[in-house]
Every structure is written in structure tokens, then in C-alpha cells.
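Before any comments, here is the structure.
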Amino acid sequence: MILCVSIRIIDQLDGVRLVWSLLKNPSAEVQSSAAWALCPCIENAKDAREMVLFLIGGLELIVNLLKSTNNEVLTSIGAVVSKLAKDKEILGVLTDLGVVPLLAELTNTTDNRLRCNLAEAIGHCCMWSTNRASFGEFGAIGHLVRYLKLKDRSVLLSTAMALYQLSKEPNNIITMHEEGVVQITN
């Protein structure tokens, strides 16, 4: 209740736009802090679609930050993408801006926090039907299957959700089996 009221006040005072503008700051620390601050604003907004689509160039900025070399920026932007992708209209725009190949490319990471947020973002991005096949074509499946060998519960949970969504594309199921998603025992 208090969080929703606070988010509403932040929104009324144009705070979301101001925090979003901090993503343009050259400092990786400022970028990641701004992205983390945006997550609850997006998640708890009365109308996240209106709030986000009103920000001219805002989604393009998010997608471009997926090209960062800083893991904390990538982790926080992955979290933002996972929140944004829950809205189908926003997801369509993100897809048009090229979010899928960027997320797929990042799956070859050893950072568990980044893995967790990437898997969650990929799972939500699969709600746009053509994205399921695209993630397979861009090679994300093999990396996600390897995440299942980790002990990190958060990574496992988000990976299971992502693989479930990806499995709705028949070619991805073939790739999952080729990558060893199910161990064959004798």
C-alpha cells in the first residue's frame, strides 16, 4: 500500500522521467542505480504502458544499454527488461528495437545475478510468439540449459521459467534435448 502511494507520488512529480534520464549518464554506477530504481516504479505503476511509452526514446535507451560492458548495468537493465516485457505492447516495441539478439548474446556469462535477470527477461520476452524461435536461432538455449547445473536457486527458478516458455517452440525442444536438458539414464 505504502509503496503504491509512493510510486504514484513519484509519478505525479515526474520522478520516473527524471530517474529514466539518469540512464543517459556516462557513469555505470549511476546507470545501474537508476535502472534498479525504475524496477519498482514499472512493476507498481497504475499504467506502466502509458508511463513508459510517454518517454520518447526511453525504450531505445534501455535496449542500447544491453550493449554495456559493465555487468552491474547489464544485470539491472535485464531486470528492467523483465518488468517491461510483461506488457505486450511494450514487448512489441522492445522486439522491434532488437532486444532478442542482445539478450541471447549475453547468456554466455558467468555472473549469476546477470544470468538470473537474463533468464527472467528471456522468459517474459517469449510472450511475443516470434521471439521464442528467435532466441533459439540466436543460440540462447544451450547457455540456458547449462544454467541448470548451477546451485543458485534464483538462477534455477528463472531459467526453468525461461526454458518452459522457450519449449513452446518445437525446434527449441530439439535443441534443448541436444544440449542435454534431460539426462538419459540406463
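Identifiers in this document derive from the order of the C-alpha cells: chains are assigned A, B, ..., residues are numbered from 1 separately in each chain, and ligands are numbered from 1 in order of occurrence.
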Region 156-169 of chain A surroundings by only C-alpha atoms, 9 Å radius, close-in-sequence under 2 positions cut, as a CSV table (one decimal) with N, CA and C atoms, in the first residue's frame:
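Writing the result to around-v9.csv gives the following:
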```
chain,number,residue,atom,x,y,z
A,115,ARG,N,22.8,-13.8,-15.0
A,115,ARG,CA,22.1,-15.0,-15.5
A,115,ARG,C,20.7,-15.0,-15.1
A,116,CYS,N,20.4,-14.7,-13.8
A,116,CYS,CA,19.1,-14.7,-13.3
A,116,CYS,C,18.2,-13.7,-14.0
A,117,ASN,N,18.7,-12.5,-14.1
A,117,ASN,CA,17.9,-11.5,-14.7
A,117,ASN,C,17.7,-11.7,-16.2
A,118,LEU,N,18.7,-12.2,-16.9
A,118,LEU,CA,18.6,-12.5,-18.3
A,118,LEU,C,17.6,-13.6,-18.5
A,119,ALA,N,17.6,-14.7,-17.7
A,119,ALA,CA,16.7,-15.8,-17.9
A,119,ALA,C,15.3,-15.3,-17.7
A,120,GLU,N,15.1,-14.4,-16.7
A,120,GLU,CA,13.7,-13.9,-16.4
A,120,GLU,C,13.3,-13.0,-17.6
A,121,ALA,N,14.2,-12.2,-18.1
A,121,ALA,CA,13.8,-11.3,-19.2
A,121,ALA,C,13.5,-12.1,-20.4
A,122,ILE,N,14.3,-13.2,-20.7
A,122,ILE,CA,14.0,-14.0,-21.9
A,122,ILE,C,12.7,-14.7,-21.7
A,123,GLY,N,12.4,-15.2,-20.5
A,123,GLY,CA,11.1,-15.9,-20.3
A,123,GLY,C,9.9,-14.9,-20.6
A,124,HIS,N,10.0,-13.7,-20.2
A,124,HIS,CA,8.9,-12.7,-20.4
A,124,HIS,C,8.9,-12.3,-21.9
A,126,CYS,N,9.5,-14.1,-24.3
A,126,CYS,CA,8.9,-15.2,-25.1
A,126,CYS,C,7.4,-15.0,-25.3
A,127,MET,N,6.8,-14.1,-24.6
A,127,MET,CA,5.3,-13.9,-24.8
A,127,MET,C,5.0,-13.3,-26.1
A,129,SER,N,5.3,-14.2,-29.7
A,129,SER,CA,5.5,-15.5,-30.2
A,129,SER,C,6.7,-15.7,-31.1
A,131,ASN,N,9.5,-14.4,-30.9
A,131,ASN,CA,10.7,-14.3,-30.1
A,131,ASN,C,11.2,-15.7,-29.6
A,132,ARG,N,10.3,-16.6,-29.4
A,132,ARG,CA,10.7,-18.0,-29.0
A,132,ARG,C,11.7,-18.6,-30.0
A,133,ALA,N,11.3,-18.5,-31.2
A,133,ALA,CA,12.1,-19.1,-32.3
A,133,ALA,C,13.4,-18.3,-32.4
A,135,PHE,N,15.1,-16.6,-30.1
A,135,PHE,CA,16.1,-17.0,-29.1
A,135,PHE,C,16.8,-18.3,-29.4
A,136,GLY,N,16.1,-19.2,-30.0
A,136,GLY,CA,16.7,-20.5,-30.4
A,136,GLY,C,17.7,-20.2,-31.6
A,141,ILE,N,19.6,-21.1,-26.1
A,141,ILE,CA,19.1,-22.3,-25.5
A,141,ILE,C,20.2,-23.1,-24.8
A,144,LEU,N,21.3,-21.4,-21.6
A,144,LEU,CA,20.3,-21.6,-20.5
A,144,LEU,C,20.3,-23.0,-20.0
A,145,VAL,N,20.4,-24.0,-20.8
A,145,VAL,CA,20.4,-25.4,-20.3
A,145,VAL,C,21.6,-25.6,-19.4
A,147,TYR,N,22.8,-23.4,-17.4
A,147,TYR,CA,22.5,-22.7,-16.1
A,147,TYR,C,21.8,-23.7,-15.2
A,148,LEU,N,21.2,-24.8,-15.7
A,148,LEU,CA,20.5,-25.8,-14.8
A,148,LEU,C,21.5,-26.6,-14.0
A,149,LYS,N,22.8,-26.5,-14.3
A,149,LYS,CA,23.8,-27.2,-13.5
A,149,LYS,C,24.3,-26.4,-12.3
A,150,LEU,N,23.8,-25.2,-12.2
A,150,LEU,CA,24.2,-24.3,-11.1
A,150,LEU,C,23.4,-24.6,-9.8
A,151,LYS,N,24.0,-24.2,-8.7
A,151,LYS,CA,23.3,-24.4,-7.4
A,151,LYS,C,22.5,-23.2,-7.0
A,152,ASP,N,22.6,-22.1,-7.7
A,152,ASP,CA,21.9,-20.8,-7.3
A,152,ASP,C,20.4,-21.0,-7.6
A,153,ARG,N,19.6,-20.9,-6.5
A,153,ARG,CA,18.2,-21.1,-6.6
A,153,ARG,C,17.5,-20.1,-7.5
A,154,SER,N,17.9,-18.9,-7.4
A,154,SER,CA,17.3,-17.8,-8.2
A,154,SER,C,17.5,-18.0,-9.7
A,171,ASN,N,11.2,-26.4,-32.4
A,171,ASN,CA,12.6,-26.5,-32.7
A,171,ASN,C,13.5,-26.3,-31.5
A,172,ASN,N,13.0,-25.5,-30.5
A,172,ASN,CA,13.7,-25.3,-29.3
A,172,ASN,C,13.8,-26.5,-28.5
A,173,ILE,N,12.7,-27.3,-28.5
A,173,ILE,CA,12.7,-28.6,-27.7
A,173,ILE,C,13.8,-29.5,-28.3
A,176,MET,N,17.0,-28.2,-27.0
A,176,MET,CA,17.2,-28.5,-25.5
A,176,MET,C,17.6,-29.9,-25.3
```
Can you list, as a PyMOL selection string, every protein, DNA or RNA residue that comes within 9 Å of region 19-30 of chain A when you count only C-alpha atoms, leaving out same-chain residues fewer than 5 positions away? chain A and resi 14+35+37-38+55+58+61-62+65+68+70+72-73
Report as an mmCIF file with all heavy atoms, in the first residue's frame all protein, DNA and RNA residues lying within 9 Å of Leu94 (chain A), evaluated on only C-alpha atoms, omitting residues in the same chain fewer than 2 positions from it.
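Saved the output as result37.cif:
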```
data_model
loop_
_atom_site.group_PDB
_atom_site.id
_atom_site.type_symbol
_atom_site.label_atom_id
_atom_site.label_comp_id
_atom_site.auth_asym_id
_atom_site.auth_seq_id
_atom_site.Cartn_x
_atom_site.Cartn_y
_atom_site.Cartn_z
ATOM 1 N N LEU A 59 12.665 3.430 -24.485
ATOM 2 C CA LEU A 59 12.878 2.000 -24.723
ATOM 3 C C LEU A 59 14.132 1.759 -25.562
ATOM 4 O O LEU A 59 14.849 0.784 -25.345
ATOM 5 C CB LEU A 59 11.644 1.382 -25.386
ATOM 6 C CG LEU A 59 10.400 1.351 -24.502
ATOM 7 C CD1 LEU A 59 9.212 0.791 -25.264
ATOM 8 C CD2 LEU A 59 10.645 0.563 -23.232
ATOM 9 N N GLU A 60 14.400 2.655 -26.479
ATOM 10 C CA GLU A 60 15.626 2.541 -27.272
ATOM 11 C C GLU A 60 16.858 2.653 -26.370
ATOM 12 O O GLU A 60 17.835 1.933 -26.535
ATOM 13 C CB GLU A 60 15.655 3.621 -28.349
ATOM 14 C CG GLU A 60 16.785 3.472 -29.323
ATOM 15 C CD GLU A 60 16.715 4.455 -30.479
ATOM 16 O OE1 GLU A 60 15.793 5.291 -30.512
ATOM 17 O OE2 GLU A 60 17.600 4.382 -31.336
ATOM 18 N N ILE A 62 17.005 1.766 -23.202
ATOM 19 C CA ILE A 62 17.106 0.502 -22.464
ATOM 20 C C ILE A 62 17.797 -0.557 -23.318
ATOM 21 O O ILE A 62 18.722 -1.239 -22.870
ATOM 22 C CB ILE A 62 15.702 0.010 -22.031
ATOM 23 C CG1 ILE A 62 15.113 0.935 -20.966
ATOM 24 C CG2 ILE A 62 15.730 -1.428 -21.544
ATOM 25 C CD1 ILE A 62 15.838 0.945 -19.643
ATOM 26 N N VAL A 63 17.351 -0.693 -24.562
ATOM 27 C CA VAL A 63 17.939 -1.697 -25.452
ATOM 28 C C VAL A 63 19.415 -1.400 -25.702
ATOM 29 O O VAL A 63 20.258 -2.301 -25.670
ATOM 30 C CB VAL A 63 17.142 -1.801 -26.770
ATOM 31 C CG1 VAL A 63 17.843 -2.693 -27.778
ATOM 32 C CG2 VAL A 63 15.726 -2.318 -26.492
ATOM 33 N N VAL A 81 14.127 -4.891 -18.264
ATOM 34 C CA VAL A 81 13.516 -5.545 -19.426
ATOM 35 C C VAL A 81 12.493 -6.586 -18.974
ATOM 36 O O VAL A 81 11.403 -6.688 -19.550
ATOM 37 C CB VAL A 81 14.583 -6.173 -20.348
ATOM 38 C CG1 VAL A 81 13.944 -7.065 -21.416
ATOM 39 C CG2 VAL A 81 15.431 -5.089 -21.008
ATOM 40 N N LEU A 84 9.405 -4.662 -18.034
ATOM 41 C CA LEU A 84 8.765 -4.045 -19.196
ATOM 42 C C LEU A 84 8.100 -5.071 -20.103
ATOM 43 O O LEU A 84 7.030 -4.823 -20.658
ATOM 44 C CB LEU A 84 9.801 -3.260 -20.006
ATOM 45 C CG LEU A 84 10.376 -2.002 -19.371
ATOM 46 C CD1 LEU A 84 11.539 -1.484 -20.197
ATOM 47 C CD2 LEU A 84 9.297 -0.939 -19.210
ATOM 48 N N ALA A 85 8.736 -6.225 -20.270
ATOM 49 C CA ALA A 85 8.258 -7.238 -21.216
ATOM 50 C C ALA A 85 6.944 -7.880 -20.785
ATOM 51 O O ALA A 85 6.333 -8.607 -21.569
ATOM 52 C CB ALA A 85 9.331 -8.306 -21.427
ATOM 53 N N GLU A 89 2.390 -4.619 -25.558
ATOM 54 C CA GLU A 89 2.693 -3.506 -26.461
ATOM 55 C C GLU A 89 4.138 -3.048 -26.298
ATOM 56 O O GLU A 89 4.853 -2.820 -27.285
ATOM 57 C CB GLU A 89 1.736 -2.340 -26.216
ATOM 58 C CG GLU A 89 1.860 -1.240 -27.246
ATOM 59 C CD GLU A 89 0.808 -0.154 -27.071
ATOM 60 O OE1 GLU A 89 -0.271 -0.433 -26.522
ATOM 61 O OE2 GLU A 89 1.075 0.983 -27.501
ATOM 62 N N ILE A 90 4.581 -2.933 -25.067
ATOM 63 C CA ILE A 90 5.973 -2.558 -24.803
ATOM 64 C C ILE A 90 6.906 -3.648 -25.338
ATOM 65 O O ILE A 90 7.936 -3.351 -25.948
ATOM 66 C CB ILE A 90 6.209 -2.320 -23.299
ATOM 67 C CG1 ILE A 90 5.436 -1.075 -22.834
ATOM 68 C CG2 ILE A 90 7.692 -2.168 -22.997
ATOM 69 C CD1 ILE A 90 5.450 -0.863 -21.333
ATOM 70 N N LEU A 91 6.531 -4.906 -25.130
ATOM 71 C CA LEU A 91 7.335 -6.019 -25.620
ATOM 72 C C LEU A 91 7.474 -5.970 -27.142
ATOM 73 O O LEU A 91 8.547 -6.230 -27.680
ATOM 74 C CB LEU A 91 6.736 -7.352 -25.181
ATOM 75 C CG LEU A 91 7.437 -8.620 -25.670
ATOM 76 C CD1 LEU A 91 8.919 -8.619 -25.328
ATOM 77 C CD2 LEU A 91 6.740 -9.845 -25.089
ATOM 78 N N GLY A 92 6.418 -5.603 -27.824
ATOM 79 C CA GLY A 92 6.486 -5.470 -29.279
ATOM 80 C C GLY A 92 7.501 -4.424 -29.705
ATOM 81 O O GLY A 92 8.285 -4.641 -30.636
ATOM 82 N N ASP A 96 11.044 -4.985 -31.717
ATOM 83 C CA ASP A 96 11.394 -4.219 -32.922
ATOM 84 C C ASP A 96 12.740 -3.517 -32.777
ATOM 85 O O ASP A 96 13.455 -3.322 -33.764
ATOM 86 C CB ASP A 96 10.310 -3.191 -33.257
ATOM 87 C CG ASP A 96 9.030 -3.827 -33.761
ATOM 88 O OD1 ASP A 96 9.043 -5.019 -34.148
ATOM 89 O OD2 ASP A 96 7.993 -3.126 -33.759
ATOM 90 N N LEU A 97 13.096 -3.158 -31.546
ATOM 91 C CA LEU A 97 14.360 -2.460 -31.293
ATOM 92 C C LEU A 97 15.549 -3.424 -31.180
ATOM 93 O O LEU A 97 16.682 -2.989 -31.018
ATOM 94 C CB LEU A 97 14.255 -1.609 -30.030
ATOM 95 C CG LEU A 97 13.328 -0.400 -30.120
ATOM 96 C CD1 LEU A 97 13.120 0.231 -28.737
ATOM 97 C CD2 LEU A 97 13.880 0.635 -31.093
ATOM 98 N N GLY A 98 15.288 -4.726 -31.255
ATOM 99 C CA GLY A 98 16.379 -5.696 -31.265
ATOM 100 C C GLY A 98 16.783 -6.250 -29.917
ATOM 101 O O GLY A 98 17.940 -6.660 -29.734
ATOM 102 N N VAL A 99 15.854 -6.331 -28.976
ATOM 103 C CA VAL A 99 16.200 -6.828 -27.644
ATOM 104 C C VAL A 99 16.578 -8.307 -27.654
ATOM 105 O O VAL A 99 17.438 -8.744 -26.883
ATOM 106 C CB VAL A 99 15.051 -6.547 -26.636
ATOM 107 C CG1 VAL A 99 13.870 -7.481 -26.825
ATOM 108 C CG2 VAL A 99 15.554 -6.601 -25.212
ATOM 109 N N VAL A 100 15.977 -9.097 -28.544
ATOM 110 C CA VAL A 100 16.193 -10.543 -28.523
ATOM 111 C C VAL A 100 17.647 -10.937 -28.794
ATOM 112 O O VAL A 100 18.250 -11.668 -28.004
ATOM 113 C CB VAL A 100 15.208 -11.266 -29.476
ATOM 114 C CG1 VAL A 100 15.554 -12.740 -29.608
ATOM 115 C CG2 VAL A 100 13.782 -11.098 -28.977
ATOM 116 N N CYS A 125 10.086 -12.185 -22.499
ATOM 117 C CA CYS A 125 10.140 -11.801 -23.920
ATOM 118 C C CYS A 125 9.564 -12.885 -24.819
ATOM 119 O O CYS A 125 9.169 -12.604 -25.954
ATOM 120 C CB CYS A 125 11.575 -11.479 -24.344
ATOM 121 S SG CYS A 125 12.162 -9.881 -23.728
#
```
From a DSSP pass on the backbone, collect the residues of region 3-77 of chain A flagged as alpha helix (DSSP H) and hand them back as a count of residues only. 55
I need the residue nearest Gly78 (chain A) from this list: A:Trp36, A:Ala48, A:Gly57, A:Pro101. Use only C-alpha atoms for the distance. A:Trp36
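If you measure from each of A:Val155, A:Ala34, A:Ser134, A:Arg17 to Val52 (chain A) using only C-alpha atoms, the closest one turns out to be A:Arg17.
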Can you measure CA of Pro40 (chain A) to CA of Thr69 (chain A) for me? One decimal in Å is fine. 24.4 Å
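Closest approach to Leu74 (chain A) from the set A:Thr109, A:Gln183, A:Thr95, A:Asn44 is made by A:Thr109, with distances taken over only C-alpha atoms.
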What is the distance, in Å and to one decimal place, between CA of Leu103 (chain A) and CA of Leu66 (chain A)?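 Going from CA of Leu103 (chain A) over to CA of Leu66 (chain A) covers 7.4 Å.
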